[in-house]
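Chemist: File follows, query-v5.txt with compact mmCIF, C-alpha atoms:
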```
# COMPACT_ATOMS: atom_id res chain seq x y z
CA MET A 892 50.44 258.34 75.80
CA VAL A 893 47.65 257.17 73.44
CA THR A 894 48.92 254.91 70.75
CA SER A 895 47.72 255.20 67.17
CA ASP A 896 45.89 251.89 67.53
CA GLN A 897 44.04 253.10 70.62
CA ARG A 898 43.18 256.34 68.84
CA ARG A 899 41.71 254.43 65.90
CA ARG A 900 39.59 252.34 68.25
CA GLN A 901 38.39 255.46 70.07
CA LEU A 902 37.42 257.16 66.78
CA ALA A 903 35.64 254.01 65.61
CA ARG A 904 33.71 253.82 68.90
CA GLU A 905 32.71 257.48 68.69
CA LYS A 906 31.61 256.99 65.09
CA TYR A 907 29.51 253.96 66.10
CA GLU A 908 27.90 255.92 68.96
CA ARG A 909 27.08 258.79 66.59
CA GLN A 910 25.48 256.34 64.14
CA GLN A 911 23.42 254.77 66.92
CA GLN A 912 22.28 258.19 68.10
CA ARG A 913 21.26 259.20 64.57
CA ARG A 914 19.36 255.96 64.14
CA ALA A 915 17.56 256.46 67.46
CA GLU A 916 16.63 260.00 66.47
CA ALA A 917 15.40 258.77 63.09
CA ARG A 918 13.25 256.11 64.75
CA GLN A 919 11.79 258.70 67.12
CA LYS A 920 10.96 261.05 64.23
CA SER A 921 9.37 258.18 62.32
CA ARG A 922 7.19 257.30 65.31
CA LYS A 923 6.09 260.93 65.60
CA ARG A 924 5.21 261.06 61.89
CA LEU A 925 3.17 257.88 62.18
CA ALA A 926 1.37 259.23 65.23
CA VAL A 927 0.47 262.43 63.37
CA ILE A 928 -0.67 260.49 60.32
CA GLY A 929 -2.72 258.13 62.51
CA ALA A 930 -4.41 261.04 64.25
CA ALA A 931 -5.20 262.68 60.93
CA VAL A 932 -6.69 259.47 59.55
CA ALA A 933 -8.78 259.07 62.70
CA VAL A 934 -10.14 262.59 62.28
CA VAL A 935 -11.02 261.95 58.63
CA VAL A 936 -12.70 258.64 59.44
CA ALA A 937 -14.67 260.22 62.27
CA ALA A 938 -15.79 262.99 59.96
CA LEU A 939 -16.88 260.54 57.29
CA VAL A 940 -18.80 258.49 59.83
CA GLY A 941 -20.53 261.63 61.03
CA LEU A 942 -21.48 262.59 57.48
CA VAL A 943 -22.90 259.18 56.74
CA ALA A 944 -24.81 259.07 60.02
CA GLY A 945 -26.17 262.51 59.31
CA GLY A 946 -27.39 261.48 55.88
CA VAL A 947 -25.05 263.79 53.95
CA PHE A 948 -24.32 261.04 51.42
CA ASP A 949 -27.98 260.07 51.05
CA LYS A 950 -29.65 260.85 47.78
CA ASP A 951 -31.85 263.94 47.96
CA LYS A 952 -35.25 262.87 49.23
CA LYS A 953 -37.12 264.93 46.68
CA ASP A 954 -35.24 263.22 43.88
CA GLU A 955 -36.09 259.86 45.42
CA ALA A 956 -39.74 260.77 45.62
CA ALA A 957 -39.80 261.79 41.96
CA ASP A 958 -38.21 258.46 41.09
CA PRO A 959 -40.61 255.45 41.01
CA ALA A 960 -37.86 253.53 42.81
CA ALA A 961 -38.25 255.72 45.91
CA THR A 962 -38.44 253.56 48.99
CA PRO A 963 -39.90 253.81 52.49
CA SER A 964 -36.45 253.43 54.00
CA ALA A 965 -35.74 253.88 57.65
CA PRO A 966 -33.13 252.55 59.99
CA ALA A 967 -34.84 250.03 62.13
CA SER A 968 -32.34 250.84 64.83
CA PRO A 969 -30.00 253.84 64.63
CA THR A 970 -27.41 252.00 66.73
CA PRO A 971 -26.44 248.33 67.00
CA GLN A 972 -29.03 246.08 68.60
CA GLN A 973 -29.51 247.25 72.17
CA SER A 974 -32.27 244.99 73.48
CA PRO A 975 -33.66 241.57 72.60
CA SER A 976 -36.78 241.24 70.49
CA PRO A 977 -39.85 240.38 72.58
CA ALA A 978 -40.63 236.75 73.38
CA MET A 979 -43.59 235.31 71.51
CA ALA A 980 -46.68 236.17 73.55
CA ILE A 981 -49.55 236.17 71.04
CA ASP A 982 -51.83 233.55 69.53
CA ALA A 983 -50.05 232.87 66.24
CA LYS A 984 -53.33 231.68 64.69
CA ALA A 985 -55.37 234.75 65.63
CA LYS A 986 -56.06 238.11 64.04
CA TYR A 987 -55.38 241.40 65.77
CA THR A 988 -56.43 245.01 65.22
CA PHE A 989 -54.06 247.96 65.54
CA ASP A 990 -56.12 251.03 66.47
CA LEU A 991 -54.35 254.34 65.90
CA LYS A 992 -55.98 257.40 67.44
CA THR A 993 -54.35 260.20 65.49
CA SER A 994 -54.67 263.97 65.36
CA ALA A 995 -55.99 263.62 61.80
CA GLY A 996 -58.55 260.90 62.61
CA ASP A 997 -58.74 257.25 63.54
CA VAL A 998 -56.90 254.67 61.46
CA LYS A 999 -57.44 250.97 62.13
CA PHE A 1000 -55.88 248.01 60.42
CA GLU A 1001 -56.18 244.28 60.84
CA MET A 1002 -53.10 242.07 61.29
CA ASP A 1003 -53.01 238.34 60.59
CA ALA A 1004 -50.63 236.64 63.03
CA ALA A 1005 -50.70 233.44 60.99
CA LYS A 1006 -48.93 235.26 58.15
CA THR A 1007 -46.68 237.60 60.12
CA PRO A 1008 -46.30 236.25 63.68
CA GLN A 1009 -43.00 238.00 64.52
CA THR A 1010 -44.23 241.37 63.25
CA VAL A 1011 -47.60 241.18 65.00
CA ASN A 1012 -45.98 240.01 68.23
CA SER A 1013 -43.52 242.91 68.15
CA PHE A 1014 -46.23 245.51 67.50
CA LYS A 1015 -48.44 244.08 70.23
CA SER A 1016 -45.53 244.21 72.68
CA LEU A 1017 -44.60 247.78 71.73
CA ALA A 1018 -48.20 249.03 71.82
CA ASP A 1019 -48.72 247.48 75.26
CA LYS A 1020 -45.74 249.54 76.44
CA LYS A 1021 -47.30 252.72 74.91
CA PHE A 1022 -44.33 252.95 72.55
CA PHE A 1023 -46.37 254.59 69.77
CA ASP A 1024 -48.27 257.05 71.96
CA ASN A 1025 -47.60 260.72 71.12
CA THR A 1026 -45.33 259.94 68.16
CA LYS A 1027 -45.37 261.73 64.81
CA CYS A 1028 -45.91 260.27 61.37
CA HIS A 1029 -42.82 261.96 59.99
CA ARG A 1030 -42.90 261.27 56.25
CA LEU A 1031 -45.43 261.62 53.44
CA THR A 1032 -44.67 260.71 49.82
CA THR A 1033 -46.89 261.92 46.99
CA GLY A 1034 -44.91 260.83 43.93
CA GLY A 1035 -43.50 257.48 42.80
CA ILE A 1036 -44.91 255.80 45.89
CA PHE A 1037 -47.83 256.97 48.00
CA VAL A 1038 -47.35 256.34 51.69
CA LEU A 1039 -47.46 257.90 55.13
CA GLN A 1040 -44.63 256.64 57.32
CA CYS A 1041 -44.97 256.38 61.11
CA GLY A 1042 -43.61 254.50 64.11
CA ASP A 1043 -40.47 256.50 64.90
CA PRO A 1044 -40.42 257.68 68.54
CA GLN A 1045 -37.96 260.41 67.55
CA GLY A 1046 -40.06 261.69 64.66
CA THR A 1047 -36.96 261.99 62.47
CA GLY A 1048 -36.89 258.70 60.57
CA MET A 1049 -33.87 257.56 62.60
CA GLY A 1050 -35.56 255.97 65.61
CA GLY A 1051 -36.51 252.43 66.50
CA PRO A 1052 -37.15 250.02 69.36
CA GLY A 1053 -33.53 248.94 69.80
CA TYR A 1054 -33.98 245.59 68.07
CA THR A 1055 -34.85 244.23 64.62
CA ILE A 1056 -37.28 241.57 63.44
CA ALA A 1057 -37.23 239.13 60.55
CA ASP A 1058 -38.94 239.81 57.21
CA GLU A 1059 -42.19 237.92 56.68
CA ASN A 1060 -44.88 237.40 54.05
CA LEU A 1061 -42.76 238.91 51.25
CA ASP A 1062 -44.22 236.71 48.50
CA SER A 1063 -47.86 237.54 49.29
CA LEU A 1064 -48.14 240.32 46.70
CA GLY A 1065 -47.27 238.15 43.71
CA LYS A 1066 -44.29 237.78 41.45
CA PRO A 1067 -42.12 240.84 40.70
CA ASN A 1068 -42.43 242.39 37.25
CA ALA A 1069 -39.58 242.96 34.80
CA THR A 1070 -38.25 245.81 36.96
CA GLY A 1071 -38.29 243.69 40.11
CA GLN A 1072 -41.31 245.38 41.64
CA VAL A 1073 -44.75 244.41 42.90
CA VAL A 1074 -47.73 246.61 43.68
CA TYR A 1075 -48.43 247.37 47.33
CA PRO A 1076 -52.19 248.06 47.07
CA ALA A 1077 -53.90 251.01 48.70
CA GLY A 1078 -54.80 250.06 52.25
CA THR A 1079 -51.67 247.98 52.81
CA VAL A 1080 -49.57 248.45 55.95
CA ALA A 1081 -45.95 247.33 55.65
CA MET A 1082 -42.66 247.54 57.51
CA ALA A 1083 -40.08 250.18 56.68
CA ASN A 1084 -36.47 249.05 56.78
CA THR A 1085 -32.92 250.06 55.90
CA GLY A 1086 -32.94 248.20 52.60
CA GLN A 1087 -31.17 245.25 54.18
CA PRO A 1088 -32.91 241.93 54.97
CA GLY A 1089 -34.24 241.59 58.51
CA SER A 1090 -33.76 245.26 59.40
CA GLY A 1091 -37.33 246.19 60.34
CA GLY A 1092 -37.93 247.79 63.74
CA SER A 1093 -40.94 249.89 64.69
CA GLN A 1094 -41.36 252.10 61.63
CA PHE A 1095 -44.15 251.22 59.22
CA PHE A 1096 -45.86 252.80 56.25
CA LEU A 1097 -49.54 253.19 55.37
CA VAL A 1098 -50.26 252.93 51.65
CA TYR A 1099 -53.05 255.30 50.55
CA LYS A 1100 -52.67 254.66 46.79
CA ASP A 1101 -51.27 251.69 44.84
CA SER A 1102 -47.47 251.90 45.04
CA PRO A 1103 -44.83 249.96 43.04
CA LEU A 1104 -42.01 248.70 45.25
CA ALA A 1105 -39.53 245.86 45.47
CA PRO A 1106 -41.06 243.03 47.55
CA SER A 1107 -38.70 243.76 50.42
CA TYR A 1108 -41.09 245.26 52.95
CA THR A 1109 -43.16 242.96 55.17
CA PRO A 1110 -46.87 243.55 54.41
CA PHE A 1111 -48.68 242.87 57.67
CA GLY A 1112 -51.90 244.87 57.81
CA LYS A 1113 -55.01 246.02 55.94
CA ILE A 1114 -56.46 249.47 56.66
CA ASP A 1115 -60.21 249.86 57.11
CA ALA A 1116 -62.22 252.11 54.77
CA ALA A 1117 -62.58 254.96 57.28
CA GLY A 1118 -58.85 254.96 57.99
CA LEU A 1119 -58.02 255.03 54.29
CA LYS A 1120 -60.17 258.17 53.88
CA VAL A 1121 -58.22 259.84 56.69
CA LEU A 1122 -54.96 259.06 54.88
CA GLU A 1123 -56.29 260.34 51.57
CA GLU A 1124 -57.21 263.67 53.19
CA VAL A 1125 -53.72 263.98 54.70
CA ALA A 1126 -52.17 263.19 51.31
CA LYS A 1127 -54.42 265.70 49.55
CA ALA A 1128 -52.91 268.52 51.65
CA GLY A 1129 -49.43 267.46 50.52
CA THR A 1130 -46.12 267.98 52.27
CA ALA A 1131 -45.11 270.91 54.43
CA ASP A 1132 -42.59 272.19 51.88
CA GLY A 1133 -44.64 271.40 48.79
CA GLY A 1134 -42.28 268.67 47.60
CA GLN A 1135 -43.11 265.05 46.87
CA ASP A 1136 -41.38 263.68 49.97
CA GLY A 1137 -41.33 265.27 53.38
CA ALA A 1138 -43.24 265.95 56.56
CA PRO A 1139 -47.00 266.08 55.93
CA LYS A 1140 -48.50 269.57 55.81
CA THR A 1141 -51.33 268.26 57.97
CA PRO A 1142 -49.47 267.11 61.09
CA VAL A 1143 -50.28 263.53 62.04
CA THR A 1144 -49.56 262.51 65.62
CA ILE A 1145 -50.42 259.09 66.94
CA GLU A 1146 -52.04 260.08 70.21
CA LYS A 1147 -52.61 256.49 71.23
CA GLY A 1148 -51.85 253.14 69.60
CA THR A 1149 -53.40 249.92 70.90
CA VAL A 1150 -53.38 246.33 69.63
CA THR A 1151 -56.24 244.00 70.54
CA GLN A 1152 -57.05 240.42 69.61
CA ASN A 1153 -60.15 240.08 67.43
```
As C-alpha cells, what does this structure read like?
Modeler:
Amino acid sequence: MVTSDQRRRQLAREKYERQQQRRAEARQKSRKRLAVIGAAVAVVVAALVGLVAGGVFDKDKKDEAADPAATPSAPASPTPQQSPSPAMAIDAKAKYTFDLKTSAGDVKFEMDAAKTPQTVNSFKSLADKKFFDNTKCHRLTTGGIFVLQCGDPQGTGMGGPGYTIADENLDSLGKPNATGQVVYPAGTVAMANTGQPGSGGSQFFLVYKDSPLAPSYTPFGKIDAAGLKVLEEVAKAGTADGGQDGAPKTPVTIEKGTVTQN
C-alpha cells in the first residue's frame, strides 16, 4: 500500500519531470527560431552583397557625368588581392613609351619612371604579358570630366590585374582649389581607382579635354599630339546611348599595347 508521503513524493517527481520536459521543449523551439532567423539574416546579407557588387546602390552614371564631381572610378580588383604586384624590373630613372594600337587609331604616351616608378613598372609588366591586347576602352565621359577609360580586360569597368599599386605623383598638378580639385590637363594619362588610396590596378583614363578632379588619381603619362586627335574624334561621336557617360559610340579596342624604354 502506498502511503500518503510516498504519493506526495511521486507527484512531486512527476511534476519535476514535466517541468524538465517543458523546459527542454522550450529550448528546442528557441534553437529552431534562432536557426530560422539566422538563415533569414544570411539570405538578406547575401542579397545586399549581391546588390552592392552589381552596382545597384551606385549613383546613376549619367547623373555623375552631369555633375562636375564625376570621377573615373573603377575597382582596381573586383575581388581581394589574388596575386602579388610585379617585382621592380625597370630603370627607375628612365622614360618609357606606351604604344596603344587601337581600332580608332594609334595613341602613344610617354611615362616618366622617375616620377611614377611603381605605376610604370606595373604597366610594363602587364604589357609584356599582352594583358591589354584585344581589350575595350569601356567608358567615355563628355560632361563634367572628359576622359576615355581603358585597361579593363573584362570591358565592364570591374576588371583588374588581381593586385593593386600605390598612388604616386599626386601633388604634380598643383594645389587643390576651394572645392578640393585640380585640373588634369588634356593629354594627361592617369590611373582609375575605387576612390580609396592605393586602389589602382590596370584601368587608366586618357584626358582629351581639361578636366577638374580631386588629386587622387596618379598622373603618369602624357599623350602625343596625334593620339590626342584620335581621342578628340572618338569624343566627338559621343556615347553609344547619347548620354554623357557610357560606352563610346565609336568602339575603341586596344588591339595591341606595348611598353618600350626610350
Chemist: Select, from A:Pro1142, A:Gly1078, A:Gly1046, A:Pro977, the residue with the minimum atom-to-atom distance to Pro1008 (chain A), counting only C-alpha atoms.
Modeler: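 Comparing A:Pro1142, A:Gly1078, A:Gly1046, A:Pro977 against Pro1008 (chain A), the winner is A:Pro977.
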Chemist: Which residues are near Tyr1099 (chain A)? Cut-off 8 Å, only C-alpha atoms, ignore same chain within fewer than 5 positions. Put them as a list in words.
Modeler: Phe1037, Val1038, Leu1039, Ala1077, Gly1078, Thr1079, Leu1119, Leu1122, Glu1123 and Ala1126 of chain A
Chemist: Report the distance between CA of Pro1067 (chain A) and CA of Phe1111 (chain A) in Å, rounded to one decimal place.
Modeler: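 These atoms are spaced 18.3 Å apart.
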Chemist: For Asp1024 (chain A), which residue among A:Gln912, A:Thr1141, A:Thr993, A:Gln1009 is the nearest when counting all atoms listed in the file?
Modeler: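 Smallest separation from Asp1024 (chain A) among the options: A:Thr993.
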Chemist: At a cut-off of 7 Å, using only C-alpha atoms, what residues contact Ala1057 (chain A)? Leave out same-chain residues fewer than 2 positions from it and give the result as a list in words.
Modeler: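 That gives Thr1055, Glu1059 and Gly1089 of chain A.
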Chemist: Would you output that residue set with C-alpha atoms, as a PDB file, in the coordinates of the input?
Modeler:
```
ATOM      1  CA  THR A1055     -34.850 244.230  64.620  1.00  0.00           C
ATOM      2  CA  GLU A1059     -42.190 237.920  56.680  1.00  0.00           C
ATOM      3  CA  GLY A1089     -34.240 241.590  58.510  1.00  0.00           C
TER       4      GLY A1089
END
```
Chemist: Identify, on the basis of all atoms listed in the file, every residue whose closest approach to Thr1151 (chain A) does not exceed 12 Å; exclude the query and any residue fewer than 2 positions from it along the same chain; express the result as number ranges by chain.
Modeler: A: 981-982, 985-991, 999-1004, 1011-1012, 1014-1016, 1018-1019, 1148-1149, 1153
Chemist: Please, could you write that set of residues out with C-alpha atoms as a short mmCIF file (atom, residue, chain, number, x, y, z; two decimals), in the coordinates of the input?
Modeler:
```cif
data_model
loop_
_atom_site.label_atom_id
_atom_site.label_comp_id
_atom_site.auth_asym_id
_atom_site.auth_seq_id
_atom_site.Cartn_x
_atom_site.Cartn_y
_atom_site.Cartn_z
CA ILE A 981 -49.55 236.17 71.04
CA ASP A 982 -51.83 233.55 69.53
CA ALA A 985 -55.37 234.75 65.63
CA LYS A 986 -56.06 238.11 64.04
CA TYR A 987 -55.38 241.40 65.77
CA THR A 988 -56.43 245.01 65.22
CA PHE A 989 -54.06 247.96 65.54
CA ASP A 990 -56.12 251.03 66.47
CA LEU A 991 -54.35 254.34 65.90
CA LYS A 999 -57.44 250.97 62.13
CA PHE A 1000 -55.88 248.01 60.42
CA GLU A 1001 -56.18 244.28 60.84
CA MET A 1002 -53.10 242.07 61.29
CA ASP A 1003 -53.01 238.34 60.59
CA ALA A 1004 -50.63 236.64 63.03
CA VAL A 1011 -47.60 241.18 65.00
CA ASN A 1012 -45.98 240.01 68.23
CA PHE A 1014 -46.23 245.51 67.50
CA LYS A 1015 -48.44 244.08 70.23
CA SER A 1016 -45.53 244.21 72.68
CA ALA A 1018 -48.20 249.03 71.82
CA ASP A 1019 -48.72 247.48 75.26
CA GLY A 1148 -51.85 253.14 69.60
CA THR A 1149 -53.40 249.92 70.90
CA ASN A 1153 -60.15 240.08 67.43
#
```
Chemist: Give me, please, the distance in Å between CA of Asp1136 (chain A) and CA of Thr1032 (chain A), quoted to one decimal.
Modeler: 4.4 Å
Chemist: Using all atoms listed in the file, which of A:Glu1124, A:Phe1022, A:Ile1036, A:Ser974 sits nearest Lys1100 (chain A)?
Modeler: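 Smallest distance to Lys1100 (chain A) is found for A:Ile1036.
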Chemist: Work out how far apart CA of Gly1137 (chain A) and CA of Arg1030 (chain A) are and give it in Å to one decimal.
Modeler: 5.2 Å
Chemist: Considering only C-alpha atoms, return as a list in words whatever protein or nucleic-acid residues lie within 6 Å of Val1143 (chain A), sequence-local ones (same chain, fewer than 4 positions apart) excluded.
Modeler: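 Within the cut-off, the hits are Ser994, Ala995, Lys1027 and Cys1028 of chain A.
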Chemist: Pick the closest to Asp1115 (chain A) from A:Asp1132, A:Ser1090, A:Leu1097, A:Thr1047: which is it, counting only C-alpha atoms?
Modeler: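 Using only C-alpha atoms, Asp1115 (chain A) sits closest to A:Leu1097.
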Chemist: Complete region 988-1019 of chain A at the level of N, CA and C atoms, written as a short mmCIF file (atom, residue, chain, number, x, y, z; two decimals), in the coordinates of the input.
Modeler:
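part_31.cif was written with the following content:
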```cif
data_model
loop_
_atom_site.label_atom_id
_atom_site.label_comp_id
_atom_site.auth_asym_id
_atom_site.auth_seq_id
_atom_site.Cartn_x
_atom_site.Cartn_y
_atom_site.Cartn_z
N THR A 988 -56.15 243.69 65.79
CA THR A 988 -56.43 245.01 65.22
C THR A 988 -55.54 246.05 65.89
N PHE A 989 -54.86 246.84 65.06
CA PHE A 989 -54.06 247.96 65.54
C PHE A 989 -54.91 249.21 65.38
N ASP A 990 -55.26 249.84 66.47
CA ASP A 990 -56.12 251.03 66.47
C ASP A 990 -55.26 252.26 66.75
N LEU A 991 -55.14 253.13 65.76
CA LEU A 991 -54.35 254.34 65.90
C LEU A 991 -55.29 255.54 66.06
N LYS A 992 -55.26 256.15 67.22
CA LYS A 992 -55.98 257.40 67.44
C LYS A 992 -55.02 258.52 67.07
N THR A 993 -55.28 259.17 65.94
CA THR A 993 -54.35 260.20 65.49
C THR A 993 -55.01 261.58 65.48
N SER A 994 -54.18 262.59 65.39
CA SER A 994 -54.67 263.97 65.36
C SER A 994 -55.45 264.27 64.09
N ALA A 995 -55.29 263.42 63.07
CA ALA A 995 -55.99 263.62 61.80
C ALA A 995 -57.24 262.74 61.69
N GLY A 996 -57.43 261.83 62.65
CA GLY A 996 -58.55 260.90 62.61
C GLY A 996 -58.10 259.50 62.95
N ASP A 997 -59.05 258.63 63.16
CA ASP A 997 -58.74 257.25 63.54
C ASP A 997 -58.37 256.40 62.33
N VAL A 998 -57.33 255.60 62.50
CA VAL A 998 -56.90 254.67 61.46
C VAL A 998 -56.77 253.30 62.11
N LYS A 999 -57.53 252.33 61.61
CA LYS A 999 -57.44 250.97 62.13
C LYS A 999 -56.98 250.04 61.02
N PHE A 1000 -56.20 249.04 61.41
CA PHE A 1000 -55.88 248.01 60.42
C PHE A 1000 -55.77 246.65 61.09
N GLU A 1001 -56.18 245.65 60.33
CA GLU A 1001 -56.18 244.28 60.84
C GLU A 1001 -54.86 243.61 60.52
N MET A 1002 -54.35 242.81 61.48
CA MET A 1002 -53.10 242.07 61.29
C MET A 1002 -53.37 240.58 61.47
N ASP A 1003 -52.82 239.79 60.56
CA ASP A 1003 -53.01 238.34 60.59
C ASP A 1003 -51.74 237.70 61.15
N ALA A 1004 -51.81 237.22 62.38
CA ALA A 1004 -50.63 236.64 63.03
C ALA A 1004 -50.17 235.37 62.35
N ALA A 1005 -51.08 234.68 61.67
CA ALA A 1005 -50.70 233.44 60.99
C ALA A 1005 -49.71 233.73 59.86
N LYS A 1006 -49.80 234.90 59.27
CA LYS A 1006 -48.93 235.26 58.15
C LYS A 1006 -47.67 236.00 58.61
N THR A 1007 -47.82 236.79 59.66
CA THR A 1007 -46.68 237.60 60.12
C THR A 1007 -46.59 237.55 61.66
N PRO A 1008 -46.30 236.39 62.22
CA PRO A 1008 -46.30 236.25 63.68
C PRO A 1008 -45.27 237.12 64.39
N GLN A 1009 -44.05 237.21 63.86
CA GLN A 1009 -43.00 238.00 64.52
C GLN A 1009 -43.36 239.49 64.51
N THR A 1010 -43.88 239.96 63.38
CA THR A 1010 -44.23 241.37 63.25
C THR A 1010 -45.39 241.73 64.18
N VAL A 1011 -46.44 240.91 64.16
CA VAL A 1011 -47.60 241.18 65.00
C VAL A 1011 -47.21 241.12 66.48
N ASN A 1012 -46.41 240.15 66.83
CA ASN A 1012 -45.98 240.01 68.23
C ASN A 1012 -45.19 241.24 68.68
N SER A 1013 -44.31 241.73 67.81
CA SER A 1013 -43.52 242.91 68.15
C SER A 1013 -44.40 244.14 68.33
N PHE A 1014 -45.36 244.33 67.41
CA PHE A 1014 -46.23 245.51 67.50
C PHE A 1014 -47.15 245.43 68.71
N LYS A 1015 -47.61 244.24 69.03
CA LYS A 1015 -48.44 244.08 70.23
C LYS A 1015 -47.61 244.42 71.47
N SER A 1016 -46.40 243.94 71.54
CA SER A 1016 -45.53 244.21 72.68
C SER A 1016 -45.23 245.71 72.81
N LEU A 1017 -44.91 246.36 71.70
CA LEU A 1017 -44.60 247.78 71.73
C LEU A 1017 -45.83 248.61 72.11
N ALA A 1018 -46.98 248.28 71.52
CA ALA A 1018 -48.20 249.03 71.82
C ALA A 1018 -48.58 248.89 73.29
N ASP A 1019 -48.41 247.69 73.84
CA ASP A 1019 -48.72 247.48 75.26
C ASP A 1019 -47.84 248.34 76.16
#
```
